[in-house]
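Participant: Data: my_file_6.txt, compact mmCIF, C-alpha atoms.
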```
# COMPACT_ATOMS: atom_id res chain seq x y z
CA MET E 25 0.00 0.00 0.00
CA LYS E 26 3.03 2.23 -0.42
CA LYS E 27 2.12 5.35 -2.28
CA ILE E 28 4.63 7.45 -4.11
CA LEU E 29 3.41 10.87 -5.15
CA VAL E 30 5.53 12.70 -7.67
CA GLY E 31 4.63 16.19 -8.81
CA ALA E 32 5.37 17.83 -12.13
CA GLY E 33 9.04 17.78 -12.97
CA LEU E 34 11.81 15.23 -12.84
CA ALA E 35 12.20 12.87 -9.96
CA CYS E 36 15.13 10.64 -9.32
CA VAL E 37 13.92 7.56 -7.50
CA ALA E 38 16.04 4.79 -6.10
CA LEU E 39 14.35 1.50 -6.85
CA LEU E 40 16.38 -1.50 -5.78
CA GLY E 41 15.23 -4.66 -7.50
CA LEU E 42 11.68 -3.41 -7.40
CA VAL E 43 9.06 -4.39 -9.88
CA VAL E 44 6.35 -1.80 -10.26
CA ASN E 45 3.31 -3.03 -12.13
CA ALA E 46 0.94 -0.18 -12.83
CA GLN E 47 -2.61 -1.61 -12.97
CA GLN E 48 -1.33 -5.11 -12.24
CA THR E 49 -1.24 -7.06 -9.04
CA PRO E 50 2.42 -7.94 -8.53
CA ALA E 51 3.56 -11.49 -8.90
CA GLY E 52 3.57 -13.33 -5.60
CA ASP E 53 -0.20 -13.58 -5.24
CA GLY E 54 -0.06 -17.38 -5.48
CA PRO E 55 -0.23 -20.00 -2.71
CA ARG E 56 1.94 -19.53 0.36
CA TYR E 57 2.86 -22.37 2.68
CA THR E 58 4.16 -23.12 6.09
CA ASN E 59 6.01 -26.38 6.78
CA GLY E 60 6.34 -27.05 3.08
CA THR E 61 2.81 -27.97 2.06
CA SER E 62 0.50 -26.48 4.69
CA LEU E 63 -1.41 -23.73 2.88
CA ILE E 64 -1.53 -20.36 4.61
CA ARG E 65 -5.04 -18.95 4.60
CA PRO E 66 -5.17 -16.25 1.93
CA ALA E 67 -5.94 -13.03 3.76
CA ASP E 68 -7.08 -11.06 0.75
CA TYR E 69 -8.95 -13.51 -1.46
CA ARG E 70 -12.01 -11.26 -1.45
CA GLU E 71 -9.91 -8.83 -3.48
CA TRP E 72 -8.96 -11.46 -6.04
CA ILE E 73 -10.77 -12.09 -9.30
CA PHE E 74 -14.34 -13.30 -8.85
CA LEU E 75 -15.20 -16.16 -11.20
CA SER E 76 -18.80 -16.92 -10.30
CA SER E 77 -21.33 -17.65 -7.61
CA GLY E 78 -23.84 -20.45 -7.32
CA LEU E 79 -26.76 -21.31 -5.07
CA ASP E 80 -26.97 -24.73 -3.42
CA MET E 81 -24.05 -26.06 -5.43
CA THR E 82 -23.44 -28.55 -2.67
CA TYR E 83 -21.43 -31.67 -3.13
CA PRO E 84 -23.45 -34.89 -3.06
CA GLN E 85 -23.78 -35.98 0.54
CA PRO E 86 -24.85 -39.34 1.93
CA GLY E 87 -28.41 -39.08 3.13
CA ALA E 88 -29.09 -35.89 1.22
CA ALA E 89 -32.02 -37.46 -0.59
CA ALA E 90 -33.62 -38.44 2.71
CA GLN E 91 -33.32 -34.85 3.89
CA ALA E 92 -34.98 -33.47 0.77
CA GLN E 93 -38.28 -33.11 2.63
CA LEU E 94 -36.80 -30.71 5.16
CA PRO E 95 -37.22 -26.97 4.64
CA PRO E 96 -34.40 -25.75 2.40
CA ARG E 97 -31.46 -24.00 3.98
CA HIS E 98 -29.92 -22.23 1.04
CA SER E 99 -26.26 -21.41 0.70
CA PHE E 100 -24.15 -19.59 -1.85
CA THR E 101 -20.68 -20.49 -3.02
CA ASN E 102 -18.36 -17.81 -4.43
CA VAL E 103 -15.21 -18.70 -6.34
CA PHE E 104 -12.15 -16.46 -6.50
CA VAL E 105 -8.77 -16.99 -8.18
CA ASN E 106 -5.48 -15.18 -7.68
CA PRO E 107 -5.14 -12.32 -10.20
CA SER E 108 -1.89 -13.35 -11.90
CA SER E 109 -3.24 -16.83 -12.64
CA TYR E 110 -6.46 -15.30 -13.97
CA ARG E 111 -4.41 -13.23 -16.39
CA GLY E 112 -2.50 -16.34 -17.43
CA PHE E 113 -5.75 -18.15 -18.13
CA MET E 114 -7.13 -15.25 -20.16
CA GLN E 115 -4.07 -15.47 -22.39
CA THR E 116 -3.77 -19.25 -22.72
CA GLY E 117 -6.95 -20.96 -21.51
CA LYS E 118 -4.81 -22.95 -19.06
CA TRP E 119 -3.92 -22.52 -15.42
CA PRO E 120 -0.30 -21.63 -14.65
CA ASN E 121 1.62 -23.35 -11.90
CA GLY E 122 0.87 -21.46 -8.68
CA THR E 123 -2.85 -21.09 -9.29
CA ILE E 124 -5.03 -20.94 -6.20
CA PHE E 125 -8.82 -21.08 -6.18
CA VAL E 126 -10.79 -20.17 -3.08
CA LEU E 127 -14.30 -21.52 -2.71
CA GLU E 128 -16.19 -19.47 -0.15
CA ALA E 129 -19.51 -20.64 1.28
CA ARG E 130 -21.98 -18.05 2.56
CA ARG E 131 -25.34 -18.56 4.15
CA ALA E 132 -28.36 -17.25 2.29
CA ASP E 133 -31.18 -15.12 3.64
CA GLY E 134 -34.46 -14.09 2.05
CA VAL E 135 -34.64 -10.62 0.56
CA SER E 136 -38.23 -10.47 1.85
CA ARG E 137 -36.68 -9.23 5.06
CA TYR E 138 -36.19 -5.91 3.27
CA PHE E 139 -38.64 -6.21 0.36
CA PRO E 140 -41.84 -8.03 1.35
CA ASN E 141 -42.96 -8.00 -2.30
CA ASN E 142 -40.12 -10.37 -3.15
CA GLN E 143 -40.72 -13.69 -1.42
CA THR E 144 -38.14 -15.74 -3.32
CA GLY E 145 -34.97 -13.66 -3.68
CA GLN E 146 -31.88 -14.74 -1.76
CA PHE E 147 -28.84 -12.72 -0.69
CA GLN E 148 -25.55 -13.62 0.94
CA THR E 149 -24.84 -13.28 4.64
CA THR E 150 -22.33 -14.82 7.04
CA LEU E 151 -19.31 -16.84 6.07
CA GLY E 152 -19.76 -20.60 6.24
CA GLY E 153 -16.18 -21.56 5.45
CA ILE E 154 -13.50 -21.61 2.78
CA GLU E 155 -11.74 -24.31 0.80
CA ALA E 156 -8.90 -24.09 -1.69
CA ASN E 157 -7.86 -25.93 -4.83
CA VAL E 158 -4.22 -25.34 -5.74
CA LYS E 159 -2.17 -26.15 -8.82
CA ASP E 160 1.41 -26.52 -7.69
CA SER E 161 4.13 -28.84 -8.90
CA ARG E 162 5.22 -29.50 -5.32
CA PHE E 163 2.29 -31.92 -4.99
CA PRO E 164 2.52 -35.46 -6.42
CA ASP E 165 -0.08 -35.01 -9.16
CA GLY E 166 0.26 -31.26 -9.50
CA TRP E 167 -2.91 -30.30 -7.61
CA ALA E 168 -4.04 -30.30 -3.98
CA PHE E 169 -7.24 -29.59 -2.04
CA PHE E 170 -7.48 -27.82 1.32
CA GLY E 171 -10.32 -27.29 3.75
CA PHE E 172 -9.84 -24.57 6.34
CA SER E 173 -11.30 -25.53 9.67
CA GLY E 174 -13.17 -22.50 10.99
CA ASP E 175 -10.84 -19.52 10.89
CA ALA E 176 -7.69 -21.65 10.98
CA ALA E 177 -4.57 -19.82 9.79
CA SER E 178 -3.44 -22.76 7.64
CA ALA E 179 -4.63 -26.10 6.29
CA GLU E 180 -2.95 -29.37 5.41
CA PRO E 181 -3.53 -30.81 1.94
CA LEU E 182 -6.27 -33.43 1.95
CA ALA E 183 -4.69 -36.84 1.63
CA GLY E 184 -5.34 -40.50 2.16
CA GLU E 185 -8.79 -41.46 3.38
CA ALA E 186 -10.03 -37.86 3.62
CA LEU E 187 -9.16 -37.26 0.00
CA ALA E 188 -10.78 -40.50 -1.15
CA ARG E 189 -13.90 -39.98 0.93
CA GLY E 190 -14.37 -36.48 -0.44
CA GLN E 191 -14.01 -37.80 -3.98
CA CYS E 192 -12.21 -34.54 -4.76
CA VAL E 193 -9.80 -35.91 -7.34
CA GLU E 194 -12.31 -38.18 -9.05
CA CYS E 195 -14.94 -35.48 -9.45
CA HIS E 196 -12.43 -32.74 -10.31
CA THR E 197 -10.96 -35.02 -12.97
CA LYS E 198 -14.04 -36.56 -14.58
CA GLU E 199 -16.54 -33.70 -14.36
CA THR E 200 -14.45 -30.58 -14.96
CA ALA E 201 -14.28 -28.64 -18.20
CA VAL E 202 -10.64 -27.47 -17.98
CA GLU E 203 -7.95 -29.36 -16.07
CA ARG E 204 -9.28 -29.85 -12.54
CA THR E 205 -11.52 -26.80 -12.53
CA PHE E 206 -15.23 -26.37 -13.16
CA VAL E 207 -14.85 -23.80 -15.89
CA GLN E 208 -18.32 -24.75 -17.12
CA PHE E 209 -19.61 -22.79 -14.11
CA TYR E 210 -17.48 -19.66 -14.82
CA PRO E 211 -19.17 -18.07 -17.83
CA THR E 212 -16.48 -15.54 -18.74
CA LEU E 213 -13.75 -18.20 -18.59
CA LEU E 214 -15.82 -20.71 -20.53
CA ASP E 215 -15.75 -18.38 -23.53
CA VAL E 216 -11.99 -18.02 -23.26
CA ALA E 217 -11.38 -21.77 -22.99
CA ARG E 218 -13.59 -22.31 -26.02
CA GLN E 219 -11.57 -19.78 -28.01
CA LYS E 220 -8.26 -21.22 -26.85
CA GLY E 221 -9.33 -24.82 -27.48
CA THR E 222 -8.63 -25.99 -23.95
CA LEU E 223 -12.05 -27.44 -23.10
CA LYS E 224 -12.15 -31.18 -22.55
CA PRO E 225 -14.13 -33.21 -25.09
CA GLY E 226 -17.86 -33.01 -24.45
CA PHE E 227 -17.85 -29.38 -23.33
CA MET W 30 -0.70 -2.52 -18.11
CA LYS W 31 2.52 -0.54 -18.26
CA LYS W 32 5.32 -2.46 -16.63
CA ILE W 33 8.45 -0.84 -15.36
CA LEU W 34 11.24 -3.24 -14.55
CA VAL W 35 14.11 -1.83 -12.57
CA GLY W 36 17.15 -3.93 -11.74
CA ALA W 37 19.49 -3.63 -8.79
CA GLY W 38 21.11 -0.24 -8.60
CA LEU W 39 19.89 3.28 -8.93
CA ALA W 40 17.43 4.28 -11.56
CA CYS W 41 16.55 7.81 -12.45
CA VAL W 42 13.00 7.86 -13.67
CA ALA W 43 11.17 10.82 -15.07
CA LEU W 44 7.68 10.83 -13.65
CA LEU W 45 5.67 13.83 -14.74
CA GLY W 46 2.66 14.28 -12.50
CA LEU W 47 2.36 10.53 -12.21
CA VAL W 48 0.93 8.69 -9.26
CA VAL W 49 2.41 5.26 -8.75
CA ASN W 50 0.58 3.05 -6.29
CA ALA W 51 2.48 -0.13 -5.59
CA GLN W 52 -0.03 -2.92 -4.86
CA GLN W 53 -2.89 -0.53 -5.54
CA THR W 54 -4.90 -0.04 -8.65
CA PRO W 55 -3.98 3.48 -9.67
CA ALA W 56 -6.53 6.23 -9.51
CA GLY W 57 -8.39 6.48 -12.75
CA ASP W 58 -10.50 3.35 -12.31
CA GLY W 59 -13.59 5.48 -11.71
CA PRO W 60 -16.37 6.47 -14.10
CA ARG W 61 -15.43 7.73 -17.56
CA TYR W 62 -17.79 9.77 -19.68
CA THR W 63 -18.38 10.91 -23.19
CA ASN W 64 -20.30 14.11 -23.87
CA GLY W 65 -20.02 15.15 -20.23
CA THR W 66 -22.39 12.75 -18.49
CA SER W 67 -22.81 9.74 -20.80
CA LEU W 68 -21.13 6.87 -18.96
CA ILE W 69 -18.67 4.80 -20.98
CA ARG W 70 -19.28 1.08 -20.47
CA PRO W 71 -16.57 -0.19 -18.11
CA ALA W 72 -14.59 -2.74 -20.09
CA ASP W 73 -12.95 -4.43 -17.13
CA TYR W 74 -15.56 -4.45 -14.37
CA ARG W 75 -15.23 -8.24 -14.05
CA GLU W 76 -11.73 -7.55 -12.68
CA TRP W 77 -13.00 -5.07 -10.09
CA ILE W 78 -13.86 -5.94 -6.52
CA PHE W 79 -16.78 -8.34 -6.18
CA LEU W 80 -19.19 -7.32 -3.43
CA SER W 81 -21.82 -10.04 -3.57
CA SER W 82 -24.21 -12.05 -5.64
CA GLY W 83 -27.90 -12.71 -5.19
CA LEU W 84 -30.52 -14.94 -6.75
CA ASP W 85 -33.80 -13.47 -8.00
CA MET W 86 -33.08 -10.09 -6.42
CA THR W 87 -35.37 -8.52 -8.96
CA TYR W 88 -36.87 -5.14 -8.53
CA PRO W 89 -40.63 -5.14 -7.91
CA GLN W 90 -42.38 -5.19 -11.27
CA PRO W 91 -46.01 -4.42 -12.04
CA GLY W 92 -47.85 -7.68 -12.56
CA ALA W 93 -45.16 -9.77 -10.92
CA ALA W 94 -47.65 -11.20 -8.46
CA ALA W 95 -49.89 -12.35 -11.30
CA GLN W 96 -46.94 -14.17 -12.86
CA ALA W 97 -46.06 -15.97 -9.67
CA GLN W 98 -47.76 -19.13 -10.91
CA LEU W 99 -45.43 -19.39 -13.91
CA PRO W 100 -42.39 -21.69 -13.74
CA PRO W 101 -39.50 -19.76 -12.20
CA ARG W 102 -36.82 -18.37 -14.48
CA HIS W 103 -34.02 -17.74 -12.07
CA SER W 104 -31.40 -15.04 -12.49
CA PHE W 105 -28.33 -13.99 -10.55
CA THR W 106 -27.10 -10.46 -9.96
CA ASN W 107 -23.43 -9.80 -9.27
CA VAL W 108 -22.22 -6.48 -7.90
CA PHE W 109 -18.75 -5.07 -8.54
CA VAL W 110 -17.17 -1.77 -7.46
CA ASN W 111 -14.07 -0.01 -8.75
CA PRO W 112 -11.02 -0.98 -6.65
CA SER W 113 -9.92 2.48 -5.48
CA SER W 114 -13.41 3.25 -4.15
CA TYR W 115 -13.51 -0.13 -2.41
CA ARG W 116 -10.28 0.76 -0.64
CA GLY W 117 -11.73 4.10 0.33
CA PHE W 118 -14.77 2.40 1.81
CA MET W 119 -12.66 -0.09 3.76
CA GLN W 120 -10.88 2.85 5.39
CA THR W 121 -13.83 5.15 6.04
CA GLY W 122 -17.11 3.25 5.62
CA LYS W 123 -18.17 5.85 3.03
CA TRP W 124 -18.02 5.99 -0.73
CA PRO W 125 -15.57 8.48 -2.24
CA ASN W 126 -16.56 10.72 -5.10
CA GLY W 127 -15.93 8.77 -8.31
CA THR W 128 -17.40 5.50 -7.08
CA ILE W 129 -18.95 3.27 -9.70
CA PHE W 130 -21.00 0.15 -9.02
CA VAL W 131 -21.80 -2.30 -11.78
CA LEU W 132 -24.80 -4.59 -11.33
CA GLU W 133 -24.49 -7.54 -13.69
CA ALA W 134 -27.44 -9.85 -14.37
CA ARG W 135 -26.76 -13.43 -15.43
CA ARG W 136 -29.19 -16.15 -16.32
CA ALA W 137 -29.28 -19.20 -14.08
CA ASP W 138 -29.18 -22.84 -15.10
CA GLY W 139 -29.70 -25.97 -13.03
CA VAL W 140 -26.59 -27.82 -11.90
CA SER W 141 -28.53 -31.05 -12.51
CA ARG W 142 -27.28 -30.74 -16.07
CA TYR W 143 -23.92 -31.91 -14.74
CA PHE W 144 -24.89 -33.50 -11.42
CA PRO W 145 -28.22 -35.34 -11.60
CA ASN W 146 -28.09 -35.91 -7.84
CA ASN W 147 -28.47 -32.19 -7.30
CA GLN W 148 -31.90 -31.10 -8.53
CA THR W 149 -31.95 -27.65 -6.94
CA GLY W 150 -28.52 -26.05 -7.39
CA GLN W 151 -28.23 -23.07 -9.73
CA PHE W 152 -25.17 -21.71 -11.52
CA GLN W 153 -24.56 -18.61 -13.64
CA THR W 154 -24.58 -18.58 -17.43
CA THR W 155 -25.05 -15.90 -20.08
CA LEU W 156 -25.03 -12.19 -19.48
CA GLY W 157 -28.44 -10.58 -19.17
CA GLY W 158 -27.28 -6.98 -18.97
CA ILE W 159 -25.48 -4.44 -16.84
CA GLU W 160 -26.48 -1.31 -14.97
CA ALA W 161 -24.39 1.22 -13.08
CA ASN W 162 -24.84 3.39 -10.01
CA VAL W 163 -22.33 6.24 -9.85
CA LYS W 164 -21.39 8.71 -7.14
CA ASP W 165 -20.10 11.80 -8.88
CA SER W 166 -20.45 15.45 -7.94
CA ARG W 167 -21.10 16.32 -11.57
CA PHE W 168 -24.68 15.12 -11.10
CA PRO W 169 -27.28 17.34 -9.39
CA ASP W 170 -27.72 15.20 -6.29
CA GLY W 171 -24.34 13.53 -6.42
CA TRP W 172 -25.47 10.16 -7.77
CA ALA W 173 -26.73 8.85 -11.11
CA PHE W 174 -28.11 5.57 -12.48
CA PHE W 175 -27.37 4.09 -15.90
CA GLY W 176 -28.82 1.16 -17.81
CA PHE W 177 -26.75 -0.14 -20.70
CA SER W 178 -28.93 -1.20 -23.59
CA GLY W 179 -27.56 -4.53 -24.84
CA ASP W 180 -23.84 -4.13 -25.48
CA ALA W 181 -24.05 -0.36 -25.92
CA ALA W 182 -20.72 1.41 -25.52
CA SER W 183 -22.21 4.14 -23.34
CA ALA W 184 -25.37 5.06 -21.46
CA GLU W 185 -27.11 8.31 -20.58
CA PRO W 186 -27.98 8.93 -16.93
CA LEU W 187 -31.56 8.01 -16.16
CA ALA W 188 -33.57 11.19 -15.78
CA GLY W 189 -37.08 12.55 -15.80
CA GLU W 190 -39.87 10.05 -16.27
CA ALA W 191 -37.53 7.05 -16.63
CA LEU W 192 -35.90 7.83 -13.31
CA ALA W 193 -39.24 8.35 -11.56
CA ARG W 194 -40.80 5.23 -13.07
CA GLY W 195 -37.83 3.11 -12.03
CA GLN W 196 -38.10 4.46 -8.48
CA CYS W 197 -34.30 4.31 -8.38
CA VAL W 198 -33.75 7.33 -6.17
CA GLU W 199 -36.62 6.61 -3.79
CA CYS W 200 -35.59 2.99 -3.20
CA HIS W 201 -31.87 3.73 -3.11
CA THR W 202 -32.55 6.46 -0.54
CA LYS W 203 -35.11 4.86 1.76
CA GLU W 204 -34.02 1.22 1.71
CA THR W 205 -30.23 1.36 1.59
CA ALA W 206 -27.91 0.81 4.53
CA VAL W 207 -25.12 3.23 3.52
CA GLU W 208 -25.69 6.30 1.36
CA ARG W 209 -27.44 5.08 -1.79
CA THR W 210 -26.01 1.56 -1.71
CA PHE W 211 -27.42 -1.72 -0.47
CA VAL W 212 -24.56 -2.49 1.88
CA GLN W 213 -26.92 -4.77 3.82
CA PHE W 214 -26.45 -7.21 0.92
CA TYR W 215 -22.62 -7.00 0.90
CA PRO W 216 -21.58 -8.96 3.98
CA THR W 217 -17.92 -7.95 4.12
CA LEU W 218 -18.79 -4.25 3.75
CA LEU W 219 -21.59 -4.45 6.27
CA ASP W 220 -19.06 -5.32 8.96
CA VAL W 221 -16.89 -2.36 7.96
CA ALA W 222 -19.80 0.10 7.97
CA ARG W 223 -20.82 -1.16 11.40
CA GLN W 224 -17.29 -0.59 12.71
CA LYS W 225 -17.03 2.85 11.12
CA GLY W 226 -20.49 3.90 12.30
CA THR W 227 -21.75 4.76 8.82
CA LEU W 228 -24.86 2.57 8.78
CA LYS W 229 -28.16 4.39 8.64
CA PRO W 230 -30.39 4.06 11.71
CA GLY W 231 -32.27 0.77 11.76
CA PHE W 232 -29.43 -1.28 10.27
```
Go ahead and express the file in the form of structure tokens.

Facilitator:
Amino acid sequence: MKKILVGAGLACVALLGLVVNAQQTPAGDGPRYTNGTSLIRPADYREWIFLSSGLDMTYPQPGAAAQAQLPPRHSFTNVFVNPSSYRGFMQTGKWPNGTIFVLEARRADGVSRYFPNNQTGQFQTTLGGIEANVKDSRFPDGWAFFGFSGDAASAEPLAGEALARGQCVECHTKETAVERTFVQFYPTLLDVARQKGTLKPGF
Amino acid sequence: MKKILVGAGLACVALLGLVVNAQQTPAGDGPRYTNGTSLIRPADYREWIFLSSGLDMTYPQPGAAAQAQLPPRHSFTNVFVNPSSYRGFMQTGKWPNGTIFVLEARRADGVSRYFPNNQTGQFQTTLGGIEANVKDSRFPDGWAFFGFSGDAASAEPLAGEALARGQCVECHTKETAVERTFVQFYPTLLDVARQKGTLKPGF
């Protein structure tokens, strides 16, 4: 947040190894770790690039069908990606190494609270939790999934039984439009992938 | 997108009246006009700060109640704000002059297309249209509303009968949590406004 104000005239500025990107987020917005592979919770993901939002885009859960008779408790999911990787995708239709997606869940509330004439609209309220999907060559197959417990400062990569139970890899491999990402749900990226020819067959 | 790379050592750079904000989007991300008050369509609003998304947050329409028996055609609305004004709000809880909000409507589609086990989830698809709400002292009461027709390159401020019919000012004055903006629907900003004491009474 350093601001340098320079008035009219010449200014001689000492810049030691500094990269100044006007209108660009500097490199270094990718995943950061502690202990090698424990992902540090991204503090500023809400200022990253928004890809899309969905309502009730829940993962299939055991017993969900049996609960279908209960009153719905709606939830939104917002997806953000780090800006430098977004720019890479816009140029190539592929995700560069060091891409980090944050999936943010937010509870829904009825807009009728403010507008009684609208009995169906839903808006976003409190944070439910965040997860991350990271492309990084430090992981065995180049990608890793993370679930942040509450407001934990870091998260271990899902592995072993937890990974298998969540079916993360299987679903993010078989059902995704580009690499391990659901680009079919990100309308502005879907157009780019189509143009760049990076969609998987069937999309 | 101008990039200035400076290696180790001293560099003498001529900066004439230039503001360089490291890690900040430079000023100049606010509203741009042609013919004085005709708002130029923001080309890059999808790279601005995302505030929130809602489902079926439609404005009250005449006859809407009569149509309530029709099958629902869901739509999402995403809200973005220019980055420098976002940063101003995070510091003060108020919107600086030169703030521009873009409201983007997107059609919804059922996630069952990809996941038959999920019969209720909704995701975003094609663009429906964009509108803008601008805080700028060039307008008589400091704010103006714009509706972009299709992919029009610019839009005139709503005025006269169109403004009255749309009830923009009335609703954005009486029902909004901060100034003329629905901060009650932007959960991360709502917390900031509460801390800064800028919420209207009743919120």

Participant: Rank W:Asn64, W:Gly57, W:Glu76, W:Lys225 by their smallest atom-to-atom distance to Glu185 of chain W, using only C-alpha atoms, and report the top residue only.

Facilitator: W:Asn64

Participant: Identify which of the residues E:Phe209, E:Tyr69, E:Phe227, E:Tyr138 lies closest to Thr155 of chain W, counting all atoms listed in the file when measuring atom-to-atom distances.

Facilitator: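 Selected residue with least distance to Thr155 of chain W: E:Phe209.
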
Participant: So how far away is atom CA of Gly117 of chain W from atom CA of Met86 of chain W, in Å?

Facilitator: 26.5 Å

Participant: What does the distance between atom CA of Ser161 of chain E and atom CA of Arg70 of chain E come to in Å, to one decimal place?

Facilitator: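 Answer for the atom CA of Ser161 of chain E to atom CA of Arg70 of chain E separation: 25.0 Å.
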
Participant: How many Å separate atom CA of Thr123 of chain E from atom CA of Asp160 of chain E?

Facilitator: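 Atom-to-atom, atom CA of Thr123 of chain E to atom CA of Asp160 of chain E, that is 7.1 Å.
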
Participant: Step by step: start from the point (-12.1, 5.8, 8.5) in the file's coordinates, keep every protein, DNA or RNA residue that has an atom no farther than 10 Å from it, count only C-alpha atoms, and write the set as a list in words.

Facilitator: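 Residues satisfying the cut-off, written out: Gly117, Phe118, Met119, Gln120, Thr121, Gly122, Lys123, Val221, Ala222, Gln224, Lys225, Gly226 and Thr227 of chain W.
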
Participant: Of the candidates E:His98, E:Arg111, E:Arg162, E:Arg189, which one gets nearest to Ala129 of chain E if we count only C-alpha atoms?

Facilitator: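 Once distances to Ala129 of chain E are computed over only C-alpha atoms, the minimum belongs to E:His98.
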
Participant: Just checking: using all atoms listed in the file, which residue out of E:Tyr210, E:Tyr110, E:Phe125, E:Phe139 ends up closest to Ala156 of chain E?

Facilitator: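 That would be E:Phe125, the residue with the smallest distance to Ala156 of chain E.
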
Participant: Go through W:Thr217, W:Gly59, W:Thr87, W:Asp73 one by one, measure the shortest atom-to-atom distance of each to Gln143 of chain E using all atoms listed in the file, and give the residue with the smallest value.

Facilitator: W:Thr87

Participant: Report as a ChimeraX atom specification all protein, DNA and RNA residues lying within 9 Å of Thr149 of chain W, evaluated on all atoms listed in the file, omitting residues in the same chain fewer than 4 positions from it.

Facilitator: /E:79-81 /W:139-141

Participant: Within 10 Å of (-10.2, -28.7, 3.7) (file coordinates; all atoms listed in the file), which protein or nucleic acid residues are there? I'd like them as a compact mmCIF listing (two decimals) with C-alpha atoms, in the frame of the given file.

Facilitator:
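The file below, out04.txt, is the result:
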```txt
# COMPACT_ATOMS: atom_id res chain seq x y z
CA GLY E 153 -16.18 -21.56 5.45
CA ILE E 154 -13.50 -21.61 2.78
CA GLU E 155 -11.74 -24.31 0.80
CA ALA E 156 -8.90 -24.09 -1.69
CA ASN E 157 -7.86 -25.93 -4.83
CA ALA E 168 -4.04 -30.30 -3.98
CA PHE E 169 -7.24 -29.59 -2.04
CA PHE E 170 -7.48 -27.82 1.32
CA GLY E 171 -10.32 -27.29 3.75
CA PHE E 172 -9.84 -24.57 6.34
CA SER E 173 -11.30 -25.53 9.67
CA SER E 178 -3.44 -22.76 7.64
CA ALA E 179 -4.63 -26.10 6.29
CA GLU E 180 -2.95 -29.37 5.41
CA PRO E 181 -3.53 -30.81 1.94
CA LEU E 182 -6.27 -33.43 1.95
CA ALA E 186 -10.03 -37.86 3.62
CA LEU E 187 -9.16 -37.26 0.00
CA GLY E 190 -14.37 -36.48 -0.44
```

Participant: Taking all atoms listed in the file into account, name the residue in W:Gly189, W:Pro60, W:Pro230, W:Gly65 that is nearest to Glu208 of chain W.

Facilitator: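 Among the listed residues, the smallest separation from Glu208 of chain W belongs to W:Pro230.
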
Participant: Once you add 8 Å to each side, what are the centre and edge lengths of the axis-aligned box holding all listed atoms of segment 161-172 of chain W? One decimal in Å, as AutoDock Vina command-line options, if you can.

Facilitator:
```
--center_x -23.9 --center_y 9.3 --center_z -9.7 --size_x 23.6 --size_y 32.1 --size_z 22.8
```
